[in-house]
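So the structure is just underneath, and the comments pick up after that.
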Amino acid sequence: MKKFNLWGEGKYLDFWSINHFLSGVVLTGWGVFFGFSLKISFVVYVALAIGWEIFEIFKGIHEYFGNKVMDVVTGIIGSLLICVFYLTDNPISFLALICLTIVYILIEVWGYVSYKMR
């Protein structure tokens, strides 16, 4: 019987998808908070998300192609969520952004440690 691995690679989505989503929320949220436009914050996030997946290829990190695509897509969904909040005059609060950033960092560290222990 195969052992369950929370941080195992999924064909399309996996536990890392949560952090890709949060990365879109957090990075776009901080971009807007620091005075960049929604458009610039979104475009920079998309470039970073794609750049990260390319970086993983060069580092020899193997993932299914569908998983790489969904990593970018889930991050874009998070980024778009921030855009929707701001466009409907419901910007994310500073406290919420701090809390989401802490959650993002904690999950990122947990995932990295789990990855290194494989």
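Residues are named by chain letter and number: chains run A, B, ... in the order of the structure tokens, numbers start at 1 in each chain, and ligands are numbered from 1 in the order shown.
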Kindly provide the residues of stretch 17-41 of chain A that approach stretch 56-80 of chain A to within 8 Å, each paired with its closest atom pair and their distance in Å to one decimal, based on only C-alpha atoms, listed by chain and increasing number, as CSV.
```
residue,atom,partner,partner_atom,distance
A:Ser17,CA,A:Asp71,CA,6.0
A:Ile18,CA,A:Thr74,CA,7.9
A:His20,CA,A:Gly75,CA,4.7
A:Phe21,CA,A:Gly75,CA,4.2
A:Leu22,CA,A:Gly78,CA,6.2
A:Ser23,CA,A:Gly75,CA,6.1
A:Gly24,CA,A:Ser79,CA,4.2
A:Val25,CA,A:Gly78,CA,4.6
A:Val26,CA,A:Ser79,CA,7.9
A:Leu27,CA,A:Ser79,CA,7.7
A:Thr28,CA,A:Ser79,CA,5.6
A:Gly29,CA,A:Ser79,CA,7.7
```
Generate the output file for the selected residues, C-alpha atoms, as a compact mmCIF listing (two decimals), in the first residue's frame.
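Result saved to selection-v8.txt:
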```
# COMPACT_ATOMS: atom_id res chain seq x y z
CA SER A 17 -1.59 24.81 -4.76
CA ILE A 18 -2.69 26.50 -1.53
CA HIS A 20 0.48 29.30 -5.02
CA PHE A 21 -2.96 30.78 -4.42
CA LEU A 22 -1.71 32.60 -1.32
CA SER A 23 1.34 33.89 -3.19
CA GLY A 24 -1.00 35.62 -5.65
CA VAL A 25 -3.02 37.15 -2.81
CA VAL A 26 -0.01 38.21 -0.77
CA LEU A 27 2.28 39.54 -3.51
CA THR A 28 -0.46 41.40 -5.33
CA GLY A 29 -1.87 42.68 -2.04
```
request  = DSSP on the backbone, then: every residue of stretch 41-114 of chain A marked alpha helix (DSSP H), written as a PyMOL selection string.
outcome  = chain A and resi 41-58+65-87+94-114
request  = Measure the distance from atom CA of A:Leu95 to atom CA of A:Val32 in Å and round it to one decimal.
outcome  =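 Those two atoms sit 14.5 Å apart.
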request  = For atom CA of A:Val46 and atom CA of A:Arg118, quote the distance in Å rounded to one decimal.
outcome  =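 Taking atom CA of A:Val46 as the start and atom CA of A:Arg118 as the end point, the length is 29.3 Å.
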request  = Have a look at atom CA of A:Ile98 and atom CA of A:Phe55 and let me know their distance in Å, one decimal.
outcome  =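 Computing the Euclidean distance for atom CA of A:Ile98 and atom CA of A:Phe55 yields 27.0 Å.
Residues in contact with stretch 87-89 of chain A at 12 Å, where only C-alpha atoms are counted and same-chain residues fewer than 4 positions away are skipped, are listed as Val32, Ser37, Leu38, Lys39, Leu80, Leu81, Ile82, Cys83 and Ser93 of chain A.
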message = For a quick check of understanding, using only C-alpha atoms, which of A:Trp52, A:Tyr12, A:Phe33, A:Tyr115 has the smallest distance to A:Phe94?
response = A:Phe33
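Look at A:Gly8: the protein and nucleic acid residues within 10 Å of it, using only C-alpha atoms and passing over chain neighbours fewer than 3 places away, are Phe4, Asn5, Lys11, Asp14, Phe15, Trp16, Gly111, Ser114, Tyr115 and Arg118 of chain A.
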How about saving the chosen residues, C-alpha atoms kept, as a CSV table (one decimal), in the first residue's frame?
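Writing done, so here's again.csv:
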```csv
chain,number,residue,atom,x,y,z
A,4,PHE,CA,0.1,9.1,1.9
A,5,ASN,CA,2.3,12.2,1.4
A,11,LYS,CA,-0.9,15.7,-11.6
A,14,ASP,CA,-1.6,19.4,-4.7
A,15,PHE,CA,-1.1,20.9,-1.3
A,16,TRP,CA,1.4,23.4,-2.9
A,111,GLY,CA,6.6,22.5,2.5
A,114,SER,CA,9.0,18.3,3.9
A,115,TYR,CA,10.5,18.5,0.4
A,118,ARG,CA,12.1,13.2,1.0
```
